Amino acid sequence: MTNKKVKVATVSLAGCFGCHMSFLDLDERLVELVEHVEFDRSPLTDIEHCSADCDIGLIEGGVCNSENVHVLREFRKNCKILVAVGACAINGGLPAMRNHISLEDCLNEAYVHGIGVENPQIPNDVELPLLLDKVHPIHEVVKIDYFLPGCPPSADVFWKFLTDLLAGREPSLNYELVHFD
Amino acid sequence: MQNFIRNLAQENDFQATRLLKILRAVQAKYLHIPKQAIEQLALMLNVPRTQIQNVVAFYSFFHFEPRGKYDILISSSITDLMVGQEELINYFAEKLGVKIGEVRADGVVSLANTSCSGMCDQSLAGLVNGYAITKLTKPRIDEIVENVNKQLPLENWSQNLFDVQDNILKPDLLLNQKTTQGEAINTTFARGLMQTLDEVEKSGLRGRGGAGYTTAWKWKFCHEEQADQRYIVCNADEGEPGTFKDRVILNSYADSVFEGMTVAAAIIGATQGFIYLRGEYLHLHEKLEAILQARRDANLLGKNILQHGFDFDIEICLGAGAYICGEESALIESLEGKAGIPRNRPPYPVVSGYLNKPTSVNNVETFLAAANIAIHGGEWFANFGTAKSKGTKILSISGDCAKPGIYEYPFGVTAQTILNDCGASDVLGVQVGGPSGTFISNDEFERKIAFEDLATGGSFIIFNNSRNILDIVHNFSHFFAHESCGFCTPCRVGTSLLKKQVDKIVEGHGSAGDIVALEELCQIIKNYSHCGLGQTAANPVLTTLERYPEIYQKMLKKISYEPGFDLDKSLEIARRMANRDDAHAHLAQVED
C-alpha cells in the first residue's frame with residue numbers, strides 16, 4: 001500500500017442507503033481503512049462534488065430520475081474505477097418494481113388519485129428532477145468496472161474488495177462472500 | 001360453459017395428460033381460457049389450478065384474455081421479413097383497423113406476430129384460427145379483410161388462401177420410394193425383429209432432427225430397459241425457423257412414417273405411439289387422423305397387426321406454439337400435459353421418458369428412413385452418404401433463390417451444389433440448421449452437409465448480397481428471447497440481455513466496449529444454459545461475429561459509453577405530466 005491516500009467517493013442514487021449502512025459495518029476496520037483512504041464526495045463527508053482525481057467511486061442504487069443521470073456522469077468523469085454496489089445498482093432492485101406499471105399510473109396514484117391526497121397535482125417545480133419512465137441499472141447508463149452483489153453487500157465484501165484494490169490485486173470475491181441462500 | 005368443460009373432460013377420460021388437447025378446445029370455443037374453466041378443470045383432472053395456469057401462460061396459442069373471433073397470426077421468421085413482412089403486417093393492421101398484438105374493439109379480429117410457421121418456401125405465411133394461410137400479398141390480404149368484416153365462416157373462405165404446396169423439387173433415395181402399406185411391417189416380422197434392428201444399425205441411420213444420435217442404439221437401449229410399458233414418439237414439432245420438410249413428409253409420405261413407427265414399436269416392445277404435431281400444422285391434423293383410421297381398418301394398427309400377434313396404435317397430439325417442445329424431453333413434458341420445460345438428463349428418455357417409461361423419440365424423417373430400411377435393408381441405405389453420415393438428408397431450402405422447396409441429397413453434398421440446384425446467385429451466405437445452427441459465408445460453400453461438417457435438421461436459408469447480416473442476427477436473437485422456456489437463468493435472462501445488446505448495437509447506440517460485452521454474454525449463455533436452446537441461442541451472434549467482425553465494428557459510433565435507450569425520450573411522460581420543457585427537463589444522450 002502506497003503512502004498517498006486513495007480517494008474514495010460514494011453516493012446513493014435510487015437506493016435506500018442500506019449499502020452505505022452495511023459499509024459502516026466495517027466497524028473498527030474503518031480505522032485501518034482511513035489510514036489508506038480519504039473520503040471525497042460522499043454522504044459520510046457531505047462534500048457536494050467529486051474532486052477531479054478520485055480513484056474509486058462506489059455507487060449504490062439504480063437510476064430513476066434525471067438527477068441520478070447527472071450524478072452518475074459526474075462520478076464516471078472523476079473516478080478512475082466505478083463500482084456498482086448492491087442489487088439496485090446492478091439490477092434496478094426494489095425501485096425497478098415500478099417498471100411493470102406505467103409512469104403515468106404511478107404519478108397519478110401518488111399525486112392525484114391516491115387515498116388522502118390533498119390538493120392533487122403533479123409536482124412541477126423546475127428544481128425537481130424528472131422521473132425516467134423506467135428505473136435502470138447503472139451499467140445501462142455509464143460504463144461500470146466492478147459489481148458488488150448483495151442486498152446489501154456485507155461489510156466483508158467491501159473489505160475484501162477495497163483491500164484487494166489497495167494492494168494492487170485484481171479484486172476477487174470468493175463463493176462464501178457472494179452466496180445468499 | 002360448465003357442461004362444455006365437463007363433457008370435454010369426460011371425452012378425455014379426466015386425464016391430466018390430455019390437458020393440451022382440452023385447452024385447445026377451450027381456447028377455440030371461448031377464444032381464451034376463462035378463469036372459471038381453469039378452476040373447473042383443476043377439480044376434474046385433479047391437478048393444481050396453478051399448474052393449469054402455468055400451461056396457459058407457457059404456450060403462445062393459449063390466452064388468459066379473449067382473442068378475436070378471427071385470430072390472425074403472421075409469421076415473423078427471417079424468410080418472412082425478406083418478402084416484406086413488416087410492410088404487409090402493417091398494411092393488414094391498417095385494413096383491419098386493429099393494432100398489432102391487439103384485439104379489435106368489436107372483438108371480431110385480432111392480429112399478432114408469431115414464430116416461423118413452417119411455410120418458408122411460400123412466405124408470407126400466417127395462421128387464421130390455427131389454419132395455415134400462405135403467399136400473402138396485398139390482394140390476398142384484402143380478400144381476408146373482406147371475409148373477416150363480413151364474418152364469413154372459415155369454411156366458406158376461398159380454399160386458395162389455405163393452399164399449402166409440397167414443392168418437392170429434388171427427390172432422391174427416400175422421396176422416390178413408392179411403398180405399399182404393410183410392406184415394412186411384413187418384411188420386419190419375416191426377417192425377425194432383432195435382425196431388423198441389426199439392419200437399422202448397419203444402415204448407420206442417425207437422428208434427422210439435427211442432433212444425429214444413432215437410431216438403432218436409441219431403440220436398443222429402449223428395448224433393453226426393464227419396463228411394463230414403452231412408448232414410441234414421433235417428433236413432428238418442426239419449429240426451427242427455415243425447416244418445413246416434416247410438413248411435406250407428413251402430407252405426402254405419412255403412411256411410411258406410421259409404418260416406421262410401427263416397426264420401431266415392434267422392435268422396442270411398445271404398444272402405444274404418439275405423433276407430437278406442432279400446432280402450426282393443424283391443417284394436417286384431419287388428414288393424418290383419416291390415414292390412421294384407414295390403417296386401423298386395414299389392420300395395420302390396432303390389435304394383432306397383420307396377424308403378427310403385436311398390438312400398437314398411434315395418437316396425434318397437437319402442440320400449442322412452443323419452439324422448445326422440439327427438444328425431446330420438453331416434448332415429453334408437453335405430451336404429459338405440462339409446460340414444455342426440458343428435463344435433467346440423465347436419465348435419458350430411453351430409460352425414463354413419457355410417464356417415466358422408456359420412450360424413443362425420433363424425428364419424422366428418421367421414421368421415413370427406418371420404414372424404407374426395414375424394406376430394403378441396411379446396406380441399401382449405407383451405400384449413400386459419407387463415412388459418418390449415411391443415407392440422404394431432406395433439406396428445406398428457402399430465402400434468396402429461384403426455386404425454394406424440398407431437396408433430398410446424399411450426405412456429403414456441398415453447399416455450392418445445393419445453391420446451383422435451387423438457382424441462387426450473388427449469395428452472401430447461408431444459415432445452415434436454422435438460428436441454432438451456423439452461418440456460413442460465401443468463402444465456405446465447399447463445405448459439406450454432414451454430421452462431420454455442417455449438421456442440420458434440414459433448414460437451409462439463403463441470403464443474397466442485398467441482405468444485412470445484422471438484420472438476420474436481430475431477428476434470430478428476438479426469436480430466442482421469445483422462445484426461451486424461462487426455466488434456467490442463463491437462458492431466460494441471457495437471451496433477453498442478448499436481444500437488448502444486439503438491439504443497442506443495431507440501433508446505433510453501440511460504443512467501444514459493447515462488442516466485448518456482447519461476446520462475454522454469448523459465452524455465458526452458451527456455457528451455462530440448461531438445454532440446447534440456450535446453448536445455441538448465441539450462435540447467430542458468435543458465427544457472424546467470427547466471420548464479419550467489421551460489420552459489427554462499423555456500427556460503433558463512439559468511444560465513450562452510450563446508453564442503449566433514448567435518455568431524453570424516457571423523460572417524456574414526466575415532462576408532459578409536469579408540464580415542463582425547461583433545460584433541466586432534458587437529458588443529453590452522451591455527456592459532452
# chains A, B, ... in the order shown; residues from 1 in each chain; ligands from 1

$ interface_residues --of "chain A" --to "chain B" --cutoff "8 Å" --atoms "only C-alpha atoms" --output "list in words"
Ser66, Arg73, Leu103, Glu104, Ile122, Pro123, Asn124, Val126, Pro129, Leu130, Leu131, Leu132, Asp133, Lys134, Glu140, Val141, Val142 and Lys143 of chain A

$ write_last_selection --atoms "C-alpha atoms" --output "PDB file, in the first residue's frame"
ATOM      1  CA  SER A  66     -32.585  12.919 -14.353  1.00  0.00           C
ATOM      2  CA  ARG A  73     -21.955  11.014 -15.024  1.00  0.00           C
ATOM      3  CA  LEU A 103     -45.079   6.089 -15.036  1.00  0.00           C
ATOM      4  CA  GLU A 104     -48.349   7.857 -15.747  1.00  0.00           C
ATOM      5  CA  ILE A 122     -48.202  16.633 -10.306  1.00  0.00           C
ATOM      6  CA  PRO A 123     -45.168  18.428  -8.741  1.00  0.00           C
ATOM      7  CA  ASN A 124     -43.678  20.641 -11.417  1.00  0.00           C
ATOM      8  CA  VAL A 126     -38.015  23.244 -12.046  1.00  0.00           C
ATOM      9  CA  PRO A 129     -35.640  16.182 -11.131  1.00  0.00           C
ATOM     10  CA  LEU A 130     -37.994  14.445 -13.559  1.00  0.00           C
ATOM     11  CA  LEU A 131     -38.566  10.700 -13.305  1.00  0.00           C
ATOM     12  CA  LEU A 132     -37.402   8.414 -16.098  1.00  0.00           C
ATOM     13  CA  ASP A 133     -40.145   6.190 -17.475  1.00  0.00           C
ATOM     14  CA  LYS A 134     -38.199   3.131 -16.260  1.00  0.00           C
ATOM     15  CA  GLU A 140     -27.071   0.810 -18.739  1.00  0.00           C
ATOM     16  CA  VAL A 141     -26.203   4.489 -18.410  1.00  0.00           C
ATOM     17  CA  VAL A 142     -22.419   4.600 -17.906  1.00  0.00           C
ATOM     18  CA  LYS A 143     -19.576   2.117 -18.153  1.00  0.00           C
TER      19      LYS A 143
END

$ residues_around --residues "B:Thr180" --least-positions-apart "3" --cutoff "12 Å" --atoms "only C-alpha atoms" --output "ChimeraX atom specification"
/B:177,183-187,253,255-256,259,295,300,371-372,375

$ atom_distance --atom1 "atom CA of B:Leu428" --atom2 "atom CA of B:Gln85"
20.9 Å

$ residues_around --residues "stretch 39-41 of chain A" --least-positions-apart "5" --cutoff "10 Å" --atoms "only C-alpha atoms" --output "list in words"
Lys5, Val6, Lys7, Val8, Ala9, Thr10, Val11, Val34, Asp46, Ile47, Glu48, His49, Cys50, Ser51, Asp53, Cys54, Asp55, Ile56, Gly57 and Phe75 of chain A

$ select_by_dssp --residues "stretch 112-292 of chain B" --states "strand (DSSP E)" --output "ChimeraX atom specification"
/B:112-114,126-128,131-133,168-170,231-236,272-277

$ write_last_selection --atoms "N, CA and C atoms" --output "PDB file, in the first residue's frame"
ATOM      1  N   ALA B 112     -51.484 -10.635 -34.695  1.00  0.00           N
ATOM      2  CA  ALA B 112     -50.223 -10.630 -33.952  1.00  0.00           C
ATOM      3  C   ALA B 112     -49.140 -11.326 -34.769  1.00  0.00           C
ATOM      4  N   ASN B 113     -47.906 -11.141 -34.342  1.00  0.00           N
ATOM      5  CA  ASN B 113     -46.778 -11.855 -34.931  1.00  0.00           C
ATOM      6  C   ASN B 113     -46.667 -13.229 -34.292  1.00  0.00           C
ATOM      7  N   THR B 114     -46.070 -14.179 -35.019  1.00  0.00           N
ATOM      8  CA  THR B 114     -45.790 -15.483 -34.428  1.00  0.00           C
ATOM      9  C   THR B 114     -44.446 -15.979 -34.968  1.00  0.00           C
ATOM     10  N   GLY B 126     -49.021 -17.299 -42.546  1.00  0.00           N
ATOM     11  CA  GLY B 126     -49.639 -16.992 -41.262  1.00  0.00           C
ATOM     12  C   GLY B 126     -50.622 -18.074 -40.874  1.00  0.00           C
ATOM     13  N   LEU B 127     -51.423 -17.764 -39.875  1.00  0.00           N
ATOM     14  CA  LEU B 127     -52.431 -18.710 -39.395  1.00  0.00           C
ATOM     15  C   LEU B 127     -53.715 -17.932 -39.129  1.00  0.00           C
ATOM     16  N   VAL B 128     -54.852 -18.501 -39.540  1.00  0.00           N
ATOM     17  CA  VAL B 128     -56.142 -17.949 -39.141  1.00  0.00           C
ATOM     18  C   VAL B 128     -56.829 -19.004 -38.296  1.00  0.00           C
ATOM     19  N   TYR B 131     -55.250 -22.296 -38.676  1.00  0.00           N
ATOM     20  CA  TYR B 131     -55.075 -22.896 -40.005  1.00  0.00           C
ATOM     21  C   TYR B 131     -54.113 -22.062 -40.858  1.00  0.00           C
ATOM     22  N   ALA B 132     -53.220 -22.774 -41.534  1.00  0.00           N
ATOM     23  CA  ALA B 132     -52.172 -22.095 -42.288  1.00  0.00           C
ATOM     24  C   ALA B 132     -52.726 -21.332 -43.483  1.00  0.00           C
ATOM     25  N   ILE B 133     -52.248 -20.111 -43.661  1.00  0.00           N
ATOM     26  CA  ILE B 133     -52.504 -19.346 -44.882  1.00  0.00           C
ATOM     27  C   ILE B 133     -51.145 -18.984 -45.460  1.00  0.00           C
ATOM     28  N   ILE B 168     -41.783 -30.398 -53.748  1.00  0.00           N
ATOM     29  CA  ILE B 168     -40.669 -31.358 -53.748  1.00  0.00           C
ATOM     30  C   ILE B 168     -39.929 -31.190 -55.072  1.00  0.00           C
ATOM     31  N   LEU B 169     -38.764 -30.595 -55.031  1.00  0.00           N
ATOM     32  CA  LEU B 169     -38.072 -30.244 -56.273  1.00  0.00           C
ATOM     33  C   LEU B 169     -36.941 -31.208 -56.600  1.00  0.00           C
ATOM     34  N   LYS B 170     -36.437 -31.915 -55.600  1.00  0.00           N
ATOM     35  CA  LYS B 170     -35.385 -32.877 -55.901  1.00  0.00           C
ATOM     36  C   LYS B 170     -35.526 -34.095 -55.004  1.00  0.00           C
ATOM     37  N   TYR B 231     -42.837 -46.540 -24.975  1.00  0.00           N
ATOM     38  CA  TYR B 231     -43.542 -45.665 -25.911  1.00  0.00           C
ATOM     39  C   TYR B 231     -42.655 -45.270 -27.086  1.00  0.00           C
ATOM     40  N   ILE B 232     -43.322 -45.082 -28.220  1.00  0.00           N
ATOM     41  CA  ILE B 232     -42.667 -44.551 -29.416  1.00  0.00           C
ATOM     42  C   ILE B 232     -43.272 -43.172 -29.686  1.00  0.00           C
ATOM     43  N   VAL B 233     -42.426 -42.184 -29.864  1.00  0.00           N
ATOM     44  CA  VAL B 233     -42.940 -40.849 -30.136  1.00  0.00           C
ATOM     45  C   VAL B 233     -42.306 -40.306 -31.408  1.00  0.00           C
ATOM     46  N   CYS B 234     -43.172 -39.793 -32.281  1.00  0.00           N
ATOM     47  CA  CYS B 234     -42.678 -39.155 -33.496  1.00  0.00           C
ATOM     48  C   CYS B 234     -42.655 -37.651 -33.254  1.00  0.00           C
ATOM     49  N   ASN B 235     -41.474 -37.082 -33.345  1.00  0.00           N
ATOM     50  CA  ASN B 235     -41.307 -35.648 -33.109  1.00  0.00           C
ATOM     51  C   ASN B 235     -41.607 -34.870 -34.391  1.00  0.00           C
ATOM     52  N   ALA B 236     -42.824 -34.340 -34.454  1.00  0.00           N
ATOM     53  CA  ALA B 236     -43.209 -33.512 -35.601  1.00  0.00           C
ATOM     54  C   ALA B 236     -43.426 -32.078 -35.132  1.00  0.00           C
ATOM     55  N   GLN B 272     -47.991 -48.339 -27.608  1.00  0.00           N
ATOM     56  CA  GLN B 272     -48.611 -47.033 -27.813  1.00  0.00           C
ATOM     57  C   GLN B 272     -47.602 -46.069 -28.427  1.00  0.00           C
ATOM     58  N   GLY B 273     -48.055 -45.355 -29.427  1.00  0.00           N
ATOM     59  CA  GLY B 273     -47.203 -44.343 -30.052  1.00  0.00           C
ATOM     60  C   GLY B 273     -47.906 -42.999 -30.092  1.00  0.00           C
ATOM     61  N   PHE B 274     -47.127 -41.947 -30.189  1.00  0.00           N
ATOM     62  CA  PHE B 274     -47.686 -40.597 -30.310  1.00  0.00           C
ATOM     63  C   PHE B 274     -46.998 -39.867 -31.457  1.00  0.00           C
ATOM     64  N   ILE B 275     -47.795 -39.041 -32.125  1.00  0.00           N
ATOM     65  CA  ILE B 275     -47.180 -38.054 -33.022  1.00  0.00           C
ATOM     66  C   ILE B 275     -47.386 -36.723 -32.349  1.00  0.00           C
ATOM     67  N   TYR B 276     -46.301 -36.030 -32.045  1.00  0.00           N
ATOM     68  CA  TYR B 276     -46.438 -34.686 -31.484  1.00  0.00           C
ATOM     69  C   TYR B 276     -46.333 -33.710 -32.646  1.00  0.00           C
ATOM     70  N   LEU B 277     -47.492 -33.254 -33.085  1.00  0.00           N
ATOM     71  CA  LEU B 277     -47.574 -32.392 -34.263  1.00  0.00           C
ATOM     72  C   LEU B 277     -47.614 -30.939 -33.817  1.00  0.00           C
TER      73      LEU B 277
END

$ closest_residue --among "B:Phe487, B:Phe451, B:Phe480, B:Tyr348" --to "B:Ser360" --atoms "only C-alpha atoms"
B:Tyr348
